[in-house]
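Structure file my_file_27.csv; described as CSV, C-alpha atoms and all ligand atoms.
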chain,number,residue,atom,x,y,z
A,1086,MET,CA,54.9,-94.6,-68.2
A,1087,ILE,CA,57.2,-94.5,-65.2
A,1088,ILE,CA,56.2,-94.2,-61.5
A,1089,GLU,CA,58.5,-93.8,-58.6
A,1090,LYS,CA,58.3,-95.1,-55.1
A,1091,GLU,CA,60.6,-94.0,-52.2
A,1092,PHE,CA,61.9,-96.1,-49.4
A,1093,VAL,CA,64.1,-95.0,-46.4
A,1094,PHE,CA,66.3,-97.3,-44.4
A,1095,ASP,CA,69.1,-96.9,-41.9
A,1096,ALA,CA,72.2,-99.1,-42.0
A,1097,ALA,CA,75.9,-99.3,-41.0
A,1098,HIS,CA,78.7,-100.1,-43.4
A,1099,PHE,CA,82.4,-99.6,-44.1
A,1100,LEU,CA,84.2,-99.7,-47.4
A,1101,PRO,CA,86.9,-102.4,-47.3
A,1102,TYR,CA,88.7,-101.4,-50.5
A,1103,VAL,CA,89.4,-97.8,-49.9
A,1104,PRO,CA,92.8,-96.7,-48.5
A,1105,GLN,CA,93.4,-97.4,-44.8
A,1106,ASN,CA,93.2,-93.7,-43.8
A,1107,HIS,CA,90.0,-93.0,-45.8
A,1108,LYS,CA,87.1,-92.1,-43.5
A,1109,CYS,CA,84.7,-94.6,-45.3
A,1110,ARG,CA,87.0,-97.4,-44.2
A,1111,ARG,CA,85.7,-96.9,-40.6
A,1112,LEU,CA,82.4,-98.4,-39.5
A,1113,HIS,CA,79.7,-95.7,-39.8
A,1114,GLY,CA,76.1,-95.4,-40.7
A,1115,HIS,CA,73.7,-93.6,-43.1
A,1116,THR,CA,70.1,-92.9,-43.6
A,1117,TYR,CA,69.6,-94.2,-47.2
A,1118,ARG,CA,66.8,-93.0,-49.4
A,1119,VAL,CA,66.0,-95.3,-52.3
A,1120,THR,CA,63.9,-94.4,-55.3
A,1121,LEU,CA,62.5,-97.3,-57.4
A,1122,GLY,CA,61.5,-96.5,-60.9
A,1123,ILE,CA,58.7,-98.8,-62.2
A,1124,GLU,CA,58.0,-98.8,-65.9
A,1125,GLY,CA,55.0,-100.3,-67.6
A,1126,GLU,CA,51.7,-99.9,-69.4
A,1127,VAL,CA,48.9,-98.1,-67.7
A,1128,ASP,CA,46.0,-100.6,-67.4
A,1129,GLU,CA,42.3,-100.2,-67.5
A,1130,LYS,CA,42.3,-99.2,-63.8
A,1131,GLY,CA,44.5,-96.3,-64.8
A,1132,TRP,CA,47.7,-97.4,-63.1
A,1133,ILE,CA,50.8,-99.5,-63.8
A,1134,ILE,CA,50.7,-101.1,-60.4
A,1135,ASP,CA,49.3,-100.3,-57.0
A,1136,PHE,CA,51.9,-98.3,-55.0
A,1137,ALA,CA,51.0,-100.4,-51.9
A,1138,ALA,CA,51.8,-103.5,-53.9
A,1139,ILE,CA,55.3,-102.1,-54.5
A,1140,SER,CA,55.9,-101.6,-50.8
A,1141,GLU,CA,54.5,-105.0,-50.0
A,1142,ALA,CA,56.7,-106.8,-52.6
A,1143,MET,CA,59.9,-105.0,-51.5
A,1144,LYS,CA,59.3,-105.3,-47.7
A,1145,PRO,CA,61.3,-108.6,-47.3
A,1146,LEU,CA,64.2,-107.1,-49.2
A,1147,PHE,CA,64.4,-103.9,-47.1
A,1148,GLN,CA,64.0,-106.0,-43.9
A,1149,LYS,CA,67.3,-107.7,-44.9
A,1150,ILE,CA,69.2,-104.4,-45.0
A,1151,ASP,CA,67.4,-102.0,-42.6
A,1152,HIS,CA,69.2,-101.5,-39.2
A,1153,ASN,CA,71.9,-104.0,-40.4
A,1154,LEU,CA,75.5,-104.1,-41.2
A,1155,LEU,CA,75.4,-104.0,-45.0
A,1156,ASN,CA,78.8,-105.7,-45.3
A,1157,ALA,CA,77.3,-108.8,-43.7
A,1158,VAL,CA,74.5,-109.1,-46.2
A,1159,GLU,CA,74.9,-111.7,-48.9
A,1160,ASP,CA,76.5,-110.3,-52.1
A,1161,LEU,CA,77.0,-106.9,-50.5
A,1162,ASP,CA,80.4,-107.2,-48.9
A,1163,ASN,CA,81.5,-103.9,-50.6
A,1164,PRO,CA,78.4,-101.8,-49.9
A,1165,THR,CA,79.1,-98.6,-51.9
A,1166,ALA,CA,76.0,-96.6,-53.0
A,1167,GLU,CA,76.7,-98.0,-56.5
A,1168,ASN,CA,76.7,-101.7,-55.3
A,1169,ILE,CA,73.7,-101.1,-53.0
A,1170,ALA,CA,71.7,-99.8,-56.0
A,1171,ARG,CA,72.7,-102.8,-58.2
A,1172,TRP,CA,71.9,-105.2,-55.3
A,1173,ILE,CA,68.4,-103.6,-54.8
A,1174,PHE,CA,67.8,-103.7,-58.6
A,1175,GLU,CA,68.9,-107.3,-59.1
A,1176,ASN,CA,67.1,-108.7,-56.0
A,1177,GLY,CA,64.0,-106.4,-56.5
A,1178,LYS,CA,63.7,-107.5,-60.1
A,1179,LYS,CA,62.9,-111.0,-58.9
A,1180,VAL,CA,59.8,-109.9,-57.1
A,1181,LEU,CA,59.0,-106.8,-59.2
A,1182,PRO,CA,59.9,-107.4,-62.8
A,1183,LEU,CA,58.8,-103.9,-63.8
A,1184,ILE,CA,61.6,-102.2,-61.9
A,1185,ALA,CA,63.4,-100.0,-64.5
A,1186,PHE,CA,66.0,-98.2,-62.3
A,1187,VAL,CA,67.1,-97.7,-58.7
A,1188,ILE,CA,68.5,-94.6,-57.1
A,1189,VAL,CA,70.3,-94.8,-53.8
A,1190,GLN,CA,70.9,-91.6,-51.9
A,1191,GLU,CA,73.6,-91.8,-49.2
A,1192,GLY,CA,73.5,-88.8,-46.9
A,1193,ALA,CA,72.2,-85.4,-48.0
A,1194,SER,CA,74.0,-84.9,-51.3
A,1195,SER,CA,75.3,-88.2,-52.8
A,1196,ARG,CA,73.4,-90.5,-55.1
A,1197,ALA,CA,74.0,-93.6,-57.3
A,1198,VAL,CA,71.7,-94.3,-60.2
A,1199,TYR,CA,71.5,-97.9,-61.5
A,1200,PRO,CA,69.7,-97.7,-64.8
A,1201,GLY,CA,69.1,-101.4,-65.0
A,1202,ARG,CA,70.5,-101.8,-68.5
A,1203,GLN,CA,72.2,-105.1,-68.9
B,1301,ZN,ZN,79.3,-94.5,-45.9

Take the structure in this file and express it as structure tokens.
Amino acid sequence: MIIEKEFVFDAAHFLPYVPQNHKCRRLHGHTYRVTLGIEGEVDEKGWIIDFAAISEAMKPLFQKIDHNLLNAVEDLDNPTAENIARWIFENGKKVLPLIAFVIVQEGASSRAVYPGRQ
């Protein structure tokens, strides 16, 4: 079974490796929507994990990036949606081993999916 939990955070970033005249090279911000996919067995209580426990476990991680400059966050110097998704997966996995995938939505219409296969 898979359950999903959504998180929203705001952050600034710029992309250091795009051409000088690319708009993403300039400092700007986004409201990011993150979907965490949690995969596991449904237990005798009828759930995989308490949704509130997911929020609680992920809180310190999202505090690191919310209202922050993503480029200044450790291991996130090139904060594309793809790299943010991988960063959330890899760091989230340490506190929530059941994370199966991470989707990062940047703005209204662009998303990166990190399926967590390694
Ligand atoms: Zn951007």

Non-local contacts of A:Leu1112 (8 Å; only C-alpha atoms; under 3 positions in same chain excluded) as a PyMOL selection string | chain A and resi 1097-1099+1109

Which residues of chain A sit at most 10 Å from ligand ZN 1301 (chain B), using all atoms listed in the file? Give each one's shortest atom pair and distance in Å (one decimal place), in chain and ascending residue order, as JSON lines.
{"residue": "A:Ala1096", "atom": "CA", "partner": "B:ZN1301", "partner_atom": "ZN", "distance": 9.3}
{"residue": "A:Ala1097", "atom": "CA", "partner": "B:ZN1301", "partner_atom": "ZN", "distance": 7.7}
{"residue": "A:His1098", "atom": "CA", "partner": "B:ZN1301", "partner_atom": "ZN", "distance": 6.2}
{"residue": "A:Phe1099", "atom": "CA", "partner": "B:ZN1301", "partner_atom": "ZN", "distance": 6.2}
{"residue": "A:Leu1100", "atom": "CA", "partner": "B:ZN1301", "partner_atom": "ZN", "distance": 7.3}
{"residue": "A:Lys1108", "atom": "CA", "partner": "B:ZN1301", "partner_atom": "ZN", "distance": 8.5}
{"residue": "A:Cys1109", "atom": "CA", "partner": "B:ZN1301", "partner_atom": "ZN", "distance": 5.4}
{"residue": "A:Arg1110", "atom": "CA", "partner": "B:ZN1301", "partner_atom": "ZN", "distance": 8.4}
{"residue": "A:Arg1111", "atom": "CA", "partner": "B:ZN1301", "partner_atom": "ZN", "distance": 8.6}
{"residue": "A:Leu1112", "atom": "CA", "partner": "B:ZN1301", "partner_atom": "ZN", "distance": 8.1}
{"residue": "A:His1113", "atom": "CA", "partner": "B:ZN1301", "partner_atom": "ZN", "distance": 6.2}
{"residue": "A:Gly1114", "atom": "CA", "partner": "B:ZN1301", "partner_atom": "ZN", "distance": 6.2}
{"residue": "A:His1115", "atom": "CA", "partner": "B:ZN1301", "partner_atom": "ZN", "distance": 6.3}
{"residue": "A:Thr1116", "atom": "CA", "partner": "B:ZN1301", "partner_atom": "ZN", "distance": 9.6}
{"residue": "A:Tyr1117", "atom": "CA", "partner": "B:ZN1301", "partner_atom": "ZN", "distance": 9.8}
{"residue": "A:Pro1164", "atom": "CA", "partner": "B:ZN1301", "partner_atom": "ZN", "distance": 8.4}
{"residue": "A:Thr1165", "atom": "CA", "partner": "B:ZN1301", "partner_atom": "ZN", "distance": 7.3}
{"residue": "A:Ala1166", "atom": "CA", "partner": "B:ZN1301", "partner_atom": "ZN", "distance": 8.1}
{"residue": "A:Glu1191", "atom": "CA", "partner": "B:ZN1301", "partner_atom": "ZN", "distance": 7.1}
{"residue": "A:Gly1192", "atom": "CA", "partner": "B:ZN1301", "partner_atom": "ZN", "distance": 8.2}

Go ahead and dump the residues you just picked, C-alpha atoms, as a PDB file, in the coordinates of the input.
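Wrote it out as again.pdb, contents follow:
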ATOM      1  CA  ALA A1096      72.200 -99.100 -42.000  1.00  0.00           C
ATOM      2  CA  ALA A1097      75.900 -99.300 -41.000  1.00  0.00           C
ATOM      3  CA  HIS A1098      78.700-100.100 -43.400  1.00  0.00           C
ATOM      4  CA  PHE A1099      82.400 -99.600 -44.100  1.00  0.00           C
ATOM      5  CA  LEU A1100      84.200 -99.700 -47.400  1.00  0.00           C
ATOM      6  CA  LYS A1108      87.100 -92.100 -43.500  1.00  0.00           C
ATOM      7  CA  CYS A1109      84.700 -94.600 -45.300  1.00  0.00           C
ATOM      8  CA  ARG A1110      87.000 -97.400 -44.200  1.00  0.00           C
ATOM      9  CA  ARG A1111      85.700 -96.900 -40.600  1.00  0.00           C
ATOM     10  CA  LEU A1112      82.400 -98.400 -39.500  1.00  0.00           C
ATOM     11  CA  HIS A1113      79.700 -95.700 -39.800  1.00  0.00           C
ATOM     12  CA  GLY A1114      76.100 -95.400 -40.700  1.00  0.00           C
ATOM     13  CA  HIS A1115      73.700 -93.600 -43.100  1.00  0.00           C
ATOM     14  CA  THR A1116      70.100 -92.900 -43.600  1.00  0.00           C
ATOM     15  CA  TYR A1117      69.600 -94.200 -47.200  1.00  0.00           C
ATOM     16  CA  PRO A1164      78.400-101.800 -49.900  1.00  0.00           C
ATOM     17  CA  THR A1165      79.100 -98.600 -51.900  1.00  0.00           C
ATOM     18  CA  ALA A1166      76.000 -96.600 -53.000  1.00  0.00           C
ATOM     19  CA  GLU A1191      73.600 -91.800 -49.200  1.00  0.00           C
ATOM     20  CA  GLY A1192      73.500 -88.800 -46.900  1.00  0.00           C
TER      21      GLY A1192
END

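For the choices A:Arg1118, A:Lys1178, A:Arg1202, A:Arg1196, the atom-to-atom distance to A:Met1143 is smallest for A:Lys1178 when using all atoms listed in the file.
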
Work out how far apart atom CA of A:Phe1147 and atom CA of A:Phe1092 are and give it in Å to one decimal.
->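 Atom-to-atom, atom CA of A:Phe1147 to atom CA of A:Phe1092, that is 8.5 Å.
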
For atom CA of A:Ile1087 and atom CA of A:Ser1140, quote the distance in Å rounded to one decimal.
->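 Pair atom CA of A:Ile1087 / atom CA of A:Ser1140 returns 16.1 Å.
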
Find the spatial neighbours of stretch 1127-1132 of chain A, counting all atoms listed in the file, within a cut-off of 10 Å - ignore same-chain residues fewer than 2 positions away - and output them as a count of residues only.
-> 8

Point (65.6, -106.6, -55.8) neighbourhood (10 Å, all atoms listed in the file) written as a ChimeraX atom specification = /A:1121,1142-1143,1145-1147,1170-1182,1184,1187
